[in-house]
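Text of target17.pdb (PDB, C-alpha atoms) as supplied:
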```
ATOM      1  CA  MET A  19      19.838-144.476  11.144  1.00  0.00           C
ATOM      2  CA  PHE A  20      21.605-145.476   7.950  1.00  0.00           C
ATOM      3  CA  ASP A  21      23.962-148.430   8.228  1.00  0.00           C
ATOM      4  CA  GLN A  22      25.020-148.376   4.593  1.00  0.00           C
ATOM      5  CA  THR A  23      27.345-145.973   2.841  1.00  0.00           C
ATOM      6  CA  MET A  24      25.418-143.529   0.671  1.00  0.00           C
ATOM      7  CA  THR A  25      26.728-142.981  -2.850  1.00  0.00           C
ATOM      8  CA  PHE A  26      26.529-139.787  -4.828  1.00  0.00           C
ATOM      9  CA  SER A  27      27.031-139.301  -8.542  1.00  0.00           C
ATOM     10  CA  VAL A  28      27.027-136.332 -10.893  1.00  0.00           C
ATOM     11  CA  ASN A  29      26.413-136.993 -14.575  1.00  0.00           C
ATOM     12  CA  GLU A  30      28.687-135.509 -17.241  1.00  0.00           C
ATOM     13  CA  ASP A  31      26.139-132.978 -18.533  1.00  0.00           C
ATOM     14  CA  LYS A  32      25.554-131.648 -15.053  1.00  0.00           C
ATOM     15  CA  GLU A  33      29.302-131.485 -14.464  1.00  0.00           C
ATOM     16  CA  ALA A  34      29.846-129.513 -17.686  1.00  0.00           C
ATOM     17  CA  GLU A  35      27.135-127.037 -16.665  1.00  0.00           C
ATOM     18  CA  LEU A  36      28.690-126.734 -13.212  1.00  0.00           C
ATOM     19  CA  LYS A  37      32.114-126.028 -14.724  1.00  0.00           C
ATOM     20  CA  LYS A  38      30.670-123.426 -17.089  1.00  0.00           C
ATOM     21  CA  ASN A  39      28.902-121.624 -14.233  1.00  0.00           C
ATOM     22  CA  LEU A  40      31.875-121.850 -11.889  1.00  0.00           C
ATOM     23  CA  THR A  41      34.152-120.408 -14.592  1.00  0.00           C
ATOM     24  CA  ALA A  42      31.758-117.505 -15.164  1.00  0.00           C
ATOM     25  CA  ILE A  43      31.624-116.835 -11.414  1.00  0.00           C
ATOM     26  CA  TYR A  44      35.423-117.006 -11.173  1.00  0.00           C
ATOM     27  CA  ASP A  45      35.811-114.581 -14.096  1.00  0.00           C
ATOM     28  CA  ALA A  46      33.316-112.125 -12.574  1.00  0.00           C
ATOM     29  CA  LEU A  47      35.189-112.174  -9.260  1.00  0.00           C
ATOM     30  CA  VAL A  48      38.515-111.553 -11.015  1.00  0.00           C
ATOM     31  CA  GLU A  49      37.050-108.690 -13.065  1.00  0.00           C
ATOM     32  CA  LYS A  50      35.784-107.020  -9.894  1.00  0.00           C
ATOM     33  CA  GLY A  51      39.198-107.345  -8.222  1.00  0.00           C
ATOM     34  CA  TYR A  52      38.368-110.062  -5.691  1.00  0.00           C
ATOM     35  CA  ASN A  53      40.480-113.101  -4.887  1.00  0.00           C
ATOM     36  CA  PRO A  54      38.189-115.693  -6.510  1.00  0.00           C
ATOM     37  CA  ILE A  55      39.555-118.680  -4.609  1.00  0.00           C
ATOM     38  CA  ASN A  56      39.020-117.032  -1.223  1.00  0.00           C
ATOM     39  CA  GLN A  57      35.536-115.855  -2.178  1.00  0.00           C
ATOM     40  CA  LEU A  58      34.480-119.264  -3.507  1.00  0.00           C
ATOM     41  CA  VAL A  59      35.837-121.069  -0.450  1.00  0.00           C
ATOM     42  CA  GLY A  60      33.960-118.626   1.779  1.00  0.00           C
ATOM     43  CA  TYR A  61      30.776-119.349  -0.134  1.00  0.00           C
ATOM     44  CA  ILE A  62      31.274-123.123  -0.073  1.00  0.00           C
ATOM     45  CA  LEU A  63      31.894-123.159   3.678  1.00  0.00           C
ATOM     46  CA  SER A  64      29.096-120.797   4.639  1.00  0.00           C
ATOM     47  CA  GLU A  65      26.571-121.012   1.783  1.00  0.00           C
ATOM     48  CA  ASP A  66      26.354-117.230   2.125  1.00  0.00           C
ATOM     49  CA  PRO A  67      25.879-115.844  -1.401  1.00  0.00           C
ATOM     50  CA  THR A  68      27.225-112.427  -0.373  1.00  0.00           C
ATOM     51  CA  TYR A  69      30.721-113.854  -0.884  1.00  0.00           C
ATOM     52  CA  ILE A  70      29.925-113.731  -4.603  1.00  0.00           C
ATOM     53  CA  THR A  71      29.558-110.506  -6.557  1.00  0.00           C
ATOM     54  CA  THR A  72      26.341-109.665  -8.389  1.00  0.00           C
ATOM     55  CA  TYR A  73      28.464-108.547 -11.344  1.00  0.00           C
ATOM     56  CA  ASN A  74      27.646-110.458 -14.561  1.00  0.00           C
ATOM     57  CA  ASN A  75      24.902-112.348 -12.702  1.00  0.00           C
ATOM     58  CA  ALA A  76      27.512-114.357 -10.741  1.00  0.00           C
ATOM     59  CA  ARG A  77      25.478-114.491  -7.529  1.00  0.00           C
ATOM     60  CA  SER A  78      22.476-115.917  -9.378  1.00  0.00           C
ATOM     61  CA  LEU A  79      24.713-118.493 -11.026  1.00  0.00           C
ATOM     62  CA  VAL A  80      26.226-119.618  -7.724  1.00  0.00           C
ATOM     63  CA  ARG A  81      22.750-120.205  -6.300  1.00  0.00           C
ATOM     64  CA  ARG A  82      22.133-122.737  -9.095  1.00  0.00           C
ATOM     65  CA  ILE A  83      25.130-124.826  -8.035  1.00  0.00           C
ATOM     66  CA  ASP A  84      24.454-127.667  -5.627  1.00  0.00           C
ATOM     67  CA  ARG A  85      27.185-127.510  -2.992  1.00  0.00           C
ATOM     68  CA  ASP A  86      27.416-131.307  -2.620  1.00  0.00           C
ATOM     69  CA  GLU A  87      27.860-131.740  -6.357  1.00  0.00           C
ATOM     70  CA  LEU A  88      30.471-129.003  -6.455  1.00  0.00           C
ATOM     71  CA  LEU A  89      32.467-130.585  -3.647  1.00  0.00           C
ATOM     72  CA  GLN A  90      32.310-133.990  -5.326  1.00  0.00           C
ATOM     73  CA  VAL A  91      33.650-132.581  -8.591  1.00  0.00           C
ATOM     74  CA  LEU A  92      36.372-130.592  -6.827  1.00  0.00           C
ATOM     75  CA  VAL A  93      37.589-133.590  -4.842  1.00  0.00           C
ATOM     76  CA  ARG A  94      37.540-135.851  -7.893  1.00  0.00           C
ATOM     77  CA  GLU A  95      39.468-133.295  -9.965  1.00  0.00           C
ATOM     78  CA  TYR A  96      41.972-132.714  -7.183  1.00  0.00           C
ATOM     79  CA  LEU A  97      42.610-136.426  -6.851  1.00  0.00           C
ATOM     80  CA  LYS A  98      42.193-137.042 -10.610  1.00  0.00           C
ATOM     81  CA  LYS A  99      40.040-140.131 -10.060  1.00  0.00           C
TER
END
```

For the structure just supplied, provide its representation as structure tokens.
Amino acid sequence: MFDQTMTFSVNEDKEAELKKNLTAIYDALVEKGYNPINQLVGYILSEDPTYITTYNNARSLVRRIDRDELLQVLVREYLKK
């Protein structure tokens, strides 16, 4: 077992790519009439890509996003740290 705290870090380039992809996914969900927040939360919790529309290649984009990295960025942005 691990006795030490594990650290995780996302570099700025990766974070910019993540934001670009997440924005494109969000926009595709809005254009198709879905509630993008609910759909993204469903995907994050389940890792089921069917929460994300195939419109504008959004489902392919979401599969490129590492869930751990996404959660780290979201928490950091929420807390502004």

Q) Could you state the separation of atom CA of Glu33 of chain A and atom CA of Gly51 of chain A in Å, given to one decimal place? A)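 For atom CA of Glu33 of chain A relative to atom CA of Gly51 of chain A, the distance reads 26.8 Å.
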
Q.
If I take atom CA of Tyr52 of chain A and atom CA of Thr72 of chain A, how far is one from the other in Å, to one decimal?
A.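 Atom-to-atom, atom CA of Tyr52 of chain A to atom CA of Thr72 of chain A, that is 12.3 Å.
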
**Q.** Pairwise distance for atom CA of Asn39 of chain A and atom CA of Val80 of chain A, rounded to one decimal in Å
**A.** 7.3 Å

Give as a short mmCIF file (atom, residue, chain, number, x, y, z; two decimals) with C-alpha atoms, in the coordinates of the input the residues that the PyMOL selection byres ((chain A and resi 53-61) around 12) matches when applied to the coordinates above.
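Heads up, here's the output in expr.cif:
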```
data_model
loop_
_atom_site.label_atom_id
_atom_site.label_comp_id
_atom_site.auth_asym_id
_atom_site.auth_seq_id
_atom_site.Cartn_x
_atom_site.Cartn_y
_atom_site.Cartn_z
CA LEU A 40 31.88 -121.85 -11.89
CA THR A 41 34.15 -120.41 -14.59
CA ALA A 42 31.76 -117.50 -15.16
CA ILE A 43 31.62 -116.84 -11.41
CA TYR A 44 35.42 -117.01 -11.17
CA ASP A 45 35.81 -114.58 -14.10
CA ALA A 46 33.32 -112.12 -12.57
CA LEU A 47 35.19 -112.17 -9.26
CA VAL A 48 38.52 -111.55 -11.02
CA GLU A 49 37.05 -108.69 -13.06
CA LYS A 50 35.78 -107.02 -9.89
CA GLY A 51 39.20 -107.34 -8.22
CA TYR A 52 38.37 -110.06 -5.69
CA ILE A 62 31.27 -123.12 -0.07
CA LEU A 63 31.89 -123.16 3.68
CA SER A 64 29.10 -120.80 4.64
CA GLU A 65 26.57 -121.01 1.78
CA ASP A 66 26.35 -117.23 2.12
CA PRO A 67 25.88 -115.84 -1.40
CA THR A 68 27.22 -112.43 -0.37
CA TYR A 69 30.72 -113.85 -0.88
CA ILE A 70 29.92 -113.73 -4.60
CA THR A 71 29.56 -110.51 -6.56
CA ALA A 76 27.51 -114.36 -10.74
CA ARG A 77 25.48 -114.49 -7.53
CA VAL A 80 26.23 -119.62 -7.72
CA ARG A 81 22.75 -120.20 -6.30
CA ILE A 83 25.13 -124.83 -8.04
CA ASP A 84 24.45 -127.67 -5.63
CA ARG A 85 27.18 -127.51 -2.99
CA LEU A 88 30.47 -129.00 -6.46
CA LEU A 89 32.47 -130.58 -3.65
CA LEU A 92 36.37 -130.59 -6.83
#
```

Q. Counting all atoms listed in the file, which of A:Arg82, A:Val93, A:Lys98, A:Thr23 gets nearest to Leu36 of chain A?
A.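 Result for the nearest residue to Leu36 of chain A: A:Arg82.
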
**Q.** Given all atoms listed in the file as the counted atoms, nearest of A:Tyr96, A:Tyr73, A:Val91, A:Asp21 to Glu35 of chain A
**A.**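 For Glu35 of chain A, the nearest of the candidates is A:Val91.
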